[in-house]
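S.K.: Enclosed is the structure file data-v2.cif (mmCIF, C-alpha atoms).
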```
data_entry
loop_
_atom_site.label_atom_id
_atom_site.label_comp_id
_atom_site.auth_asym_id
_atom_site.auth_seq_id
_atom_site.Cartn_x
_atom_site.Cartn_y
_atom_site.Cartn_z
CA MET A 1 -25.13 254.22 -35.21
CA ARG A 2 -27.54 252.88 -37.83
CA ALA A 3 -28.85 256.35 -38.61
CA SER A 4 -25.55 258.22 -38.25
CA SER A 5 -22.21 256.43 -38.82
CA LEU A 6 -23.61 253.35 -40.56
CA SER A 7 -25.61 255.59 -42.92
CA ASN A 8 -22.59 257.78 -43.72
CA ALA A 9 -21.36 257.44 -47.33
CA LYS A 10 -17.65 257.46 -46.41
CA VAL A 11 -18.09 254.82 -43.69
CA ILE A 12 -20.18 252.66 -46.03
CA ASP A 13 -17.52 252.83 -48.76
CA LEU A 14 -14.75 251.89 -46.30
CA LEU A 15 -16.73 248.95 -44.89
CA ASN A 16 -17.66 247.67 -48.34
CA GLY A 17 -14.16 248.07 -49.78
CA TYR A 18 -11.93 246.81 -46.97
CA PHE A 19 -13.89 244.95 -44.27
CA ILE A 20 -16.31 242.13 -43.55
CA PRO A 21 -18.94 243.83 -41.34
CA ALA A 22 -20.74 241.80 -38.69
CA HIS A 23 -23.51 242.86 -36.32
CA VAL A 24 -24.01 240.86 -33.13
CA ASP A 25 -26.88 241.25 -30.68
CA GLY A 26 -25.36 239.99 -27.45
CA VAL A 27 -28.67 239.80 -25.58
CA TYR A 28 -30.24 237.68 -28.35
CA LEU A 29 -27.15 235.53 -28.78
CA LYS A 30 -26.80 234.70 -25.11
CA GLY A 31 -30.48 234.04 -24.44
CA ASN A 32 -31.41 232.13 -27.60
CA ALA A 33 -31.02 228.37 -27.41
CA SER A 34 -31.08 228.05 -31.22
CA VAL A 35 -27.77 229.92 -31.60
CA PRO A 36 -24.97 227.38 -32.27
CA ALA A 37 -22.49 226.91 -29.45
CA ALA A 38 -19.62 227.75 -31.83
CA GLU A 39 -21.11 231.20 -32.50
CA LYS A 40 -21.49 231.89 -28.79
CA ALA A 41 -17.89 230.79 -28.22
CA ALA A 42 -16.65 233.07 -31.03
CA TYR A 43 -18.51 236.00 -29.46
CA GLN A 44 -16.89 235.35 -26.07
CA ALA A 45 -13.49 234.91 -27.71
CA VAL A 46 -13.58 238.53 -28.90
CA PHE A 47 -13.87 239.78 -25.32
CA GLN A 48 -11.22 237.36 -24.09
CA GLN A 49 -8.88 238.72 -26.77
CA LEU A 50 -9.76 242.31 -25.83
CA HIS A 51 -8.89 241.71 -22.19
CA GLN A 52 -5.62 240.05 -23.22
CA VAL A 53 -4.72 242.98 -25.51
CA ASN A 54 -5.47 245.46 -22.73
CA LYS A 55 -3.34 243.45 -20.30
CA GLU A 56 -0.44 243.68 -22.75
CA ASN A 57 -1.08 247.39 -23.34
CA ARG A 58 -1.04 248.10 -19.61
CA ALA A 59 2.24 246.28 -19.23
CA ALA A 60 3.72 248.27 -22.13
CA GLY A 61 2.29 251.60 -20.92
CA LYS A 62 0.01 251.90 -23.98
CA PRO A 63 -3.61 253.12 -24.04
CA GLU A 64 -6.21 250.43 -23.44
CA LEU A 65 -9.07 249.68 -25.83
CA SER A 66 -12.59 250.49 -24.73
CA VAL A 67 -14.50 247.29 -23.93
CA GLY A 68 -18.22 246.60 -23.67
CA THR A 69 -21.21 245.10 -25.45
CA VAL A 70 -22.40 248.39 -26.99
CA HIS A 71 -19.29 249.00 -29.08
CA ALA A 72 -17.82 249.05 -32.57
CA TYR A 73 -14.71 246.88 -32.93
CA VAL A 74 -12.11 246.37 -35.64
CA LEU A 75 -10.56 242.90 -35.65
CA ALA A 76 -7.52 241.72 -37.61
CA PRO A 77 -7.89 238.65 -39.87
CA ASP A 78 -6.63 236.46 -36.99
CA GLY A 79 -9.34 237.86 -34.69
CA LYS A 80 -7.04 240.08 -32.65
CA PRO A 81 -8.69 243.41 -31.71
CA LEU A 82 -7.11 246.48 -33.29
CA ALA A 83 -9.44 249.31 -32.27
CA SER A 84 -12.75 250.03 -30.56
CA LEU A 85 -15.26 252.79 -29.98
CA HIS A 86 -18.18 253.03 -27.59
CA VAL A 87 -21.31 253.90 -29.57
CA ALA A 88 -21.51 257.25 -27.77
CA GLU A 89 -18.13 258.10 -29.31
CA ALA A 90 -18.74 256.39 -32.66
CA LYS A 91 -19.57 259.52 -34.64
CA PRO A 92 -19.20 259.30 -38.44
CA GLU A 93 -15.81 261.07 -38.47
CA ALA A 94 -14.46 258.94 -35.60
CA VAL A 95 -15.60 255.68 -37.20
CA ALA A 96 -14.14 256.64 -40.59
CA ASP A 97 -10.83 257.54 -38.90
CA MET A 98 -10.76 254.22 -37.02
CA LEU A 99 -11.38 252.28 -40.24
CA GLU A 100 -8.76 254.23 -42.23
CA ARG A 101 -6.12 253.63 -39.54
CA ALA A 102 -6.91 249.91 -39.58
CA VAL A 103 -6.56 249.77 -43.38
CA LYS A 104 -3.20 251.55 -43.13
CA THR A 105 -1.97 249.26 -40.34
CA LEU A 106 -3.01 246.05 -42.10
CA LYS A 107 -2.12 247.31 -45.59
CA THR A 108 -5.43 245.92 -46.78
CA PRO A 109 -6.05 246.14 -50.56
CA GLU A 110 -9.46 247.39 -51.67
CA GLY A 111 -11.89 244.75 -52.90
CA LYS A 112 -15.50 244.17 -53.77
CA PRO A 113 -18.09 243.41 -51.04
CA LEU A 114 -18.30 239.68 -50.28
CA ILE A 115 -22.05 239.93 -49.71
CA GLN A 116 -24.40 241.89 -51.93
CA PRO A 117 -26.90 244.27 -50.28
CA CYS A 118 -30.13 242.57 -49.27
CA PRO A 119 -33.00 243.12 -46.81
CA LEU A 120 -31.91 242.35 -43.25
CA SER A 121 -35.44 241.98 -41.92
CA VAL A 122 -37.20 239.09 -43.65
CA PRO A 123 -40.14 236.85 -42.70
CA PRO A 124 -39.07 233.91 -40.54
CA LYS A 125 -39.45 230.34 -41.69
CA THR A 126 -42.69 228.82 -40.45
CA GLY A 127 -44.34 225.47 -40.02
CA PRO A 128 -47.73 224.30 -41.32
CA ASN A 129 -50.75 226.47 -40.41
CA GLU A 130 -48.69 229.18 -38.70
CA LEU A 131 -49.52 232.89 -38.97
CA VAL A 132 -46.75 235.41 -39.66
CA LEU A 133 -47.16 239.00 -38.44
CA HIS A 134 -44.93 241.99 -39.16
CA LEU A 135 -44.68 244.87 -36.66
CA VAL A 136 -43.15 248.32 -37.13
CA ALA A 137 -42.75 250.89 -34.32
CA ARG A 138 -41.39 254.42 -34.44
CA TYR A 139 -41.36 257.65 -32.49
CA LEU A 140 -43.71 260.48 -33.51
CA VAL A 141 -43.36 264.24 -33.10
CA PRO A 142 -45.84 267.14 -33.30
CA ARG A 143 -46.69 267.93 -36.91
CA GLY A 144 -45.53 271.55 -36.50
CA GLN A 145 -42.00 270.55 -35.46
CA SER A 146 -39.35 271.70 -37.97
CA ASN A 147 -38.00 268.20 -38.67
CA ALA A 148 -41.43 266.51 -38.88
CA ARG A 149 -42.52 264.89 -42.11
CA LYS A 150 -44.91 267.10 -44.08
CA ASP A 151 -46.34 264.35 -46.30
CA VAL A 152 -48.13 262.52 -43.45
CA GLU A 153 -51.46 263.54 -41.95
CA GLY A 154 -52.14 263.69 -38.22
CA ASP A 155 -51.27 265.67 -35.13
CA PHE A 156 -48.21 263.47 -34.51
CA VAL A 157 -46.08 262.28 -37.44
CA PRO A 158 -42.69 260.60 -38.05
CA LEU A 159 -39.45 262.55 -38.19
CA GLN A 160 -37.71 263.36 -41.45
CA PRO A 161 -34.18 262.29 -40.44
CA SER A 162 -30.99 263.46 -42.15
CA LEU A 163 -29.07 260.19 -42.29
CA GLY A 164 -25.30 259.84 -42.03
CA GLN A 165 -24.69 262.84 -39.78
CA GLU A 166 -23.70 263.07 -36.12
CA LYS A 167 -27.09 264.55 -35.19
CA SER A 168 -28.80 261.59 -36.91
CA GLY A 169 -27.72 259.25 -34.12
CA GLN A 170 -30.88 259.38 -32.05
CA TRP A 171 -33.36 256.71 -31.06
CA THR A 172 -36.08 258.69 -32.83
CA ALA A 173 -34.38 258.61 -36.23
CA LEU A 174 -35.36 255.16 -37.49
CA PRO A 175 -38.25 252.73 -36.97
CA SER A 176 -37.82 249.29 -35.43
CA GLU A 177 -39.20 246.02 -36.78
CA ASP A 178 -40.24 242.67 -35.36
CA TRP A 179 -41.70 239.43 -36.67
CA ILE A 180 -44.25 237.39 -34.75
CA VAL A 181 -45.22 233.80 -35.52
CA LEU A 182 -48.42 232.40 -34.04
CA LYS A 183 -49.07 228.68 -34.03
CA GLN A 184 -52.50 227.43 -35.10
CA THR A 185 -53.54 226.91 -31.48
CA GLN A 186 -52.71 230.58 -30.85
CA TRP A 187 -54.23 232.38 -33.86
CA GLN A 188 -57.44 230.36 -33.52
CA LYS A 189 -57.94 232.12 -30.17
CA LEU A 190 -58.23 235.43 -32.02
CA LEU A 191 -61.44 234.12 -33.58
CA PRO A 192 -64.93 233.73 -32.06
CA LYS A 193 -65.78 230.43 -30.38
CA GLU A 194 -69.36 230.46 -31.67
CA LYS A 195 -71.21 231.43 -34.85
CA VAL A 196 -71.45 235.17 -35.31
CA ALA A 197 -73.79 237.76 -36.78
CA VAL A 198 -73.34 241.47 -37.41
CA GLY A 199 -72.95 243.07 -33.98
CA SER A 200 -71.50 239.96 -32.32
CA SER A 201 -68.50 240.69 -30.13
CA TRP A 202 -65.96 238.81 -28.04
CA ASP A 203 -62.89 239.42 -25.92
CA VAL A 204 -59.71 238.11 -27.52
CA ASP A 205 -57.93 235.45 -25.48
CA ARG A 206 -55.77 237.25 -22.94
CA GLU A 207 -52.66 235.14 -23.50
CA VAL A 208 -52.69 235.64 -27.28
CA ALA A 209 -53.45 239.36 -26.90
CA SER A 210 -50.41 239.62 -24.59
CA GLU A 211 -48.25 237.89 -27.21
CA LEU A 212 -49.05 240.77 -29.57
CA LEU A 213 -49.30 243.74 -27.21
CA THR A 214 -46.07 243.03 -25.31
CA ARG A 215 -44.27 244.16 -28.49
CA PHE A 216 -46.06 247.52 -28.61
CA TYR A 217 -43.23 249.82 -27.52
CA PRO A 218 -40.94 252.29 -29.35
CA THR A 219 -37.30 251.81 -30.30
CA THR A 220 -35.22 251.30 -27.14
CA GLU A 221 -32.07 249.43 -26.19
CA ASN A 222 -34.09 246.83 -24.32
CA ASN A 223 -35.57 244.09 -26.51
CA ASP A 224 -35.92 241.45 -23.81
CA LEU A 225 -39.67 240.79 -23.84
CA SER A 226 -39.47 238.86 -20.56
CA THR A 227 -38.76 242.14 -18.74
CA ASN A 228 -41.99 243.77 -19.97
CA ARG A 229 -44.79 243.83 -17.40
CA ILE A 230 -48.34 244.35 -18.62
CA GLU A 231 -50.39 246.09 -15.95
CA ARG A 232 -53.56 246.56 -17.98
CA GLN A 233 -54.68 245.22 -21.34
CA ALA A 234 -57.84 244.73 -23.36
CA LEU A 235 -58.54 243.59 -26.92
CA LYS A 236 -62.10 243.20 -28.16
CA ALA A 237 -63.57 242.29 -31.57
CA THR A 238 -66.99 243.31 -32.93
CA VAL A 239 -68.39 242.05 -36.25
CA LEU A 240 -69.16 244.92 -38.63
CA SER A 241 -70.17 242.98 -41.74
CA ILE A 242 -70.50 239.53 -43.27
CA ARG A 243 -70.29 239.15 -47.05
CA ASP A 244 -69.78 236.02 -49.15
CA GLY A 245 -68.81 234.01 -46.10
CA VAL A 246 -66.21 236.50 -44.90
CA ALA A 247 -66.69 238.49 -41.69
CA ARG A 248 -64.95 241.73 -40.84
CA ALA A 249 -64.58 242.60 -37.16
CA ARG A 250 -63.40 245.87 -35.68
CA MET A 251 -60.62 245.45 -33.13
CA GLU A 252 -60.32 247.82 -30.17
CA GLY A 253 -57.96 247.63 -27.24
CA ALA A 254 -55.85 249.37 -24.63
CA LEU A 255 -52.50 248.75 -22.98
CA LYS A 256 -50.48 249.90 -20.01
CA MET A 257 -47.09 248.21 -19.80
CA LYS A 258 -43.83 248.69 -17.91
CA HIS A 259 -40.94 248.71 -20.36
CA ALA A 260 -37.45 249.72 -19.24
CA PHE A 261 -35.39 251.64 -21.80
CA TYR A 262 -32.12 249.85 -21.00
CA PRO A 263 -31.76 246.09 -20.35
CA GLY A 264 -31.17 245.27 -16.69
CA LYS A 265 -31.75 248.87 -15.61
CA ASP A 266 -35.08 249.68 -14.00
CA ASP A 267 -36.77 253.02 -14.62
CA LYS A 268 -40.21 254.61 -14.46
CA ASN A 269 -41.07 254.33 -18.15
CA PHE A 270 -44.52 253.00 -19.03
CA VAL A 271 -46.24 252.43 -22.35
CA GLU A 272 -49.82 253.66 -22.50
CA ALA A 273 -51.70 253.05 -25.74
CA THR A 274 -55.08 252.59 -27.35
CA VAL A 275 -55.26 250.17 -30.28
CA VAL A 276 -57.65 249.86 -33.23
CA GLY A 277 -57.76 247.63 -36.30
CA TYR A 278 -59.72 244.93 -38.05
CA LEU A 279 -59.86 241.17 -38.41
CA ASP A 280 -61.14 239.37 -41.53
CA PHE A 281 -62.04 235.72 -41.18
CA ALA A 282 -63.96 233.02 -43.02
CA VAL A 283 -67.03 232.22 -40.94
CA GLU A 284 -66.83 228.54 -41.86
CA GLY A 285 -64.07 226.97 -39.88
CA PRO A 286 -63.55 229.71 -38.80
CA ARG A 287 -60.29 230.64 -40.57
CA LEU A 288 -58.25 233.82 -40.14
CA LEU A 289 -57.62 235.79 -43.35
CA THR A 290 -56.25 239.21 -42.36
CA LEU A 291 -55.26 241.00 -39.17
CA ARG A 292 -54.37 244.69 -38.89
CA LEU A 293 -53.68 246.62 -35.67
CA VAL A 294 -52.37 250.17 -35.15
CA THR A 295 -51.97 252.44 -32.16
CA ASP A 296 -54.59 255.17 -32.15
CA SER A 297 -52.69 256.98 -29.40
CA ALA A 298 -49.51 255.84 -27.68
CA SER A 299 -46.98 257.38 -25.31
CA TYR A 300 -43.83 256.17 -23.58
CA GLY A 301 -42.50 257.64 -20.38
CA GLY A 302 -45.11 260.40 -20.41
CA GLU A 303 -47.32 262.27 -22.85
CA SER A 304 -44.39 264.20 -24.34
CA LYS A 305 -42.94 261.05 -25.93
CA ARG A 306 -45.32 259.77 -28.59
CA PHE A 307 -44.89 256.73 -30.80
CA GLY A 308 -46.84 254.64 -33.25
CA VAL A 309 -47.08 250.90 -33.93
CA ALA A 310 -48.49 249.08 -36.97
CA LEU A 311 -48.98 245.31 -37.04
CA ARG A 312 -50.15 243.33 -40.07
CA SER A 313 -50.46 239.73 -41.11
CA VAL A 314 -48.23 238.90 -44.08
CA SER A 315 -49.28 235.30 -44.57
CA ALA A 316 -52.57 233.66 -43.70
CA PRO A 317 -52.82 229.98 -42.78
CA PRO A 318 -54.27 227.79 -45.56
#
```
Let me see the file written as structure tokens.
M.R.:
Amino acid sequence: MRASSLSNAKVIDLLNGYFIPAHVDGVYLKGNASVPAAEKAAYQAVFQQLHQVNKENRAAGKPELSVGTVHAYVLAPDGKPLASLHVAEAKPEAVADMLERAVKTLKTPEGKPLIQPCPLSVPPKTGPNELVLHLVARYLVPRGQSNARKDVEGDFVPLQPSLGQEKSGQWTALPSEDWIVLKQTQWQKLLPKEKVAVGSSWDVDREVASELLTRFYPTTENNDLSTNRIERQALKATVLSIRDGVARARMEGALKMKHAFYPGKDDKNFVEATVVGYLDFAVEGPRLLTLRLVTDSASYGGESKRFGVALRSVSAPP
């Protein structure tokens, strides 16, 4: 929906003029202990209301509302459900029609958005000496494909999506993002344990490497990292240069990981990737300055499905 209905100009105007949009990730909300109990209760109350409405509709011989976690809902000001669409049915025209009918039913006057547009993906708050990393993943297609971007070099490149249309609603249309925070005890394990010279190399701590590599997968419906199973991984650093007390090390690695496309639904999809990048660090300390990692070659569910990942540090510990 992000690339199709939620990028459609008519749907955007209706949402901004008549509604208070809210996006809820049920998997995150249920499994995250930091989410307030009141928010979890409000989430459950929506489904309790839906079931009550459908019970009343059955008794009155009226059509029932579609119910599920992967849905778009319209709620009245009192929280009572008015309409719903499964995402598979939530095409731009259908969503616009659902919103217009709700406006007509509620006689809602047009108004200005209560919240001004702002970035939805922002760096998380961190504690002292923590390292913040930003990761972006997206599907890639052969450069010769008609809808491939022409301004990017390489055999496999991102798509050039046409947003706001029914055909835009594909997993390949938009990239996904993630933020990773490493505590000092974690990021220190990326660094060498002993003094280094040009040519020195070391294997990155397996646990810390897993913390990074377990997020190397393309956009899917499953974002539960606990279901990922790493079958093979490697991440090695080799010092290329040392200048003015700063060392630069080349990073090389590989990954084979089981990652199911849908949560709670097993399949045969595996990530296979090679990884390259670099690590800058102050030799005295040592202290991490910069980390960059990208997939050199990555596939998901077979060689025909290619994707790319880029990870970068956005704040270095003092």
S.K.: Exactly which residues make up the result of the PyMOL selection byres ((chain A and resi 190) around 12) on this file, given as number ranges by chain?
M.R.: A: 131, 182-189, 191-193, 201-212, 235-238, 249, 251, 278-281, 286-291
S.K.: Box along x, y and z, 5 Å on every side, all listed atoms of stretch 222-239 of chain A inside: centre and edge lengths in Å to one decimal, as AutoDock Vina command-line options.
M.R.:
```
--center_x -51.2 --center_y 242.8 --center_z -26.1 --size_x 44.3 --size_y 18.0 --size_z 30.3
```
S.K.: Run the PyMOL selection byres ((chain A and resi 112) around 6) on the file and write out the hits as a list of chain:residue names.
M.R.: A:Gly17, A:Gly111, A:Pro113
S.K.: Carefully work through the PyMOL selection byres ((chain A and resi 114-116) around 12) for this structure and note down the residues it includes, as a list of chain:residue names.
M.R.: A:Leu15, A:Asn16, A:Gly17, A:Tyr18, A:Phe19, A:Ile20, A:Pro21, A:Ala22, A:Glu110, A:Gly111, A:Lys112, A:Pro113, A:Pro117, A:Cys118, A:Pro119, A:Leu120
S.K.: Would you please work out which residue, of A:Ala83, A:Leu293, A:Val141, A:Ala41, is nearest to A:Arg250 when using only C-alpha atoms?
M.R.: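 The answer is A:Leu293, which sits nearest to A:Arg250.
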S.K.: Choose the residue, out of A:Asn57, A:Gln165, A:Gln160, A:Ser176, that has the smallest atom-to-atom separation from A:Gln145; count all atoms listed in the file.
M.R.: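 For A:Gln145, the nearest of the given residues is A:Gln160.
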S.K.: Kindly give the distance, in Å, that separates atom CA of A:Gly68 and atom CA of A:Val35, rounded to a single decimal.
M.R.: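 Calculated distance between atom CA of A:Gly68 and atom CA of A:Val35 is 20.8 Å.
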S.K.: Env of A:Lys30: 12 Å cut, atoms = all atoms listed in the file, seq-sep filter 6 positions within chain, self excluded. Answer as a tab-separated table (two decimals) with C-alpha atoms, keeping the file's coordinate frame.
M.R.:
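The resulting file, result-v7.tsv, is shown below:
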```tsv
chain	number	residue	atom	x	y	z
A	24	VAL	CA	-24.01	240.86	-33.13
A	36	PRO	CA	-24.97	227.38	-32.27
A	37	ALA	CA	-22.49	226.91	-29.45
A	39	GLU	CA	-21.11	231.20	-32.50
A	40	LYS	CA	-21.49	231.89	-28.79
A	41	ALA	CA	-17.89	230.79	-28.22
A	42	ALA	CA	-16.65	233.07	-31.03
A	43	TYR	CA	-18.51	236.00	-29.46
A	44	GLN	CA	-16.89	235.35	-26.07
A	69	THR	CA	-21.21	245.10	-25.45
A	224	ASP	CA	-35.92	241.45	-23.81
```
S.K.: List every protein, DNA or RNA residue that has at least one atom no more than 8 Å from (-49.8, 238.4, -40.5) in the file's coordinates, counting only C-alpha atoms, and write the result as an mmCIF file with C-alpha atoms, keeping the file's coordinate frame.
M.R.:
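Wrote it out as part02.cif, contents follow:
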```
data_model
loop_
_atom_site.group_PDB
_atom_site.id
_atom_site.type_symbol
_atom_site.label_atom_id
_atom_site.label_comp_id
_atom_site.auth_asym_id
_atom_site.auth_seq_id
_atom_site.Cartn_x
_atom_site.Cartn_y
_atom_site.Cartn_z
ATOM 1 C CA LEU A 131 -49.520 232.890 -38.970
ATOM 2 C CA VAL A 132 -46.750 235.410 -39.660
ATOM 3 C CA LEU A 133 -47.160 239.000 -38.440
ATOM 4 C CA HIS A 134 -44.930 241.990 -39.160
ATOM 5 C CA THR A 290 -56.250 239.210 -42.360
ATOM 6 C CA LEU A 291 -55.260 241.000 -39.170
ATOM 7 C CA ARG A 292 -54.370 244.690 -38.890
ATOM 8 C CA LEU A 311 -48.980 245.310 -37.040
ATOM 9 C CA ARG A 312 -50.150 243.330 -40.070
ATOM 10 C CA SER A 313 -50.460 239.730 -41.110
ATOM 11 C CA VAL A 314 -48.230 238.900 -44.080
ATOM 12 C CA SER A 315 -49.280 235.300 -44.570
ATOM 13 C CA ALA A 316 -52.570 233.660 -43.700
#
```
S.K.: I'd like the contact shell of A:Val271 - 8 Å cut-off, only C-alpha atoms, skipping same-chain residues fewer than 2 positions apart - returned as JSON, numbers by chain.
M.R.: {"A": [216, 217, 255, 256, 257, 258, 259, 269, 273, 298, 299, 300, 301]}
S.K.: Just the residues within 8 Å of A:His71, please, counting all atoms listed in the file, with nothing from its chain fewer than 3 positions along; format it as a ChimeraX atom specification.
M.R.: /A:67-68,84-87
S.K.: In Å, how far is it from atom CA of A:Pro92 to atom CA of A:Ser5?
M.R.: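 Answer for the atom CA of A:Pro92 to atom CA of A:Ser5 separation: 4.2 Å.
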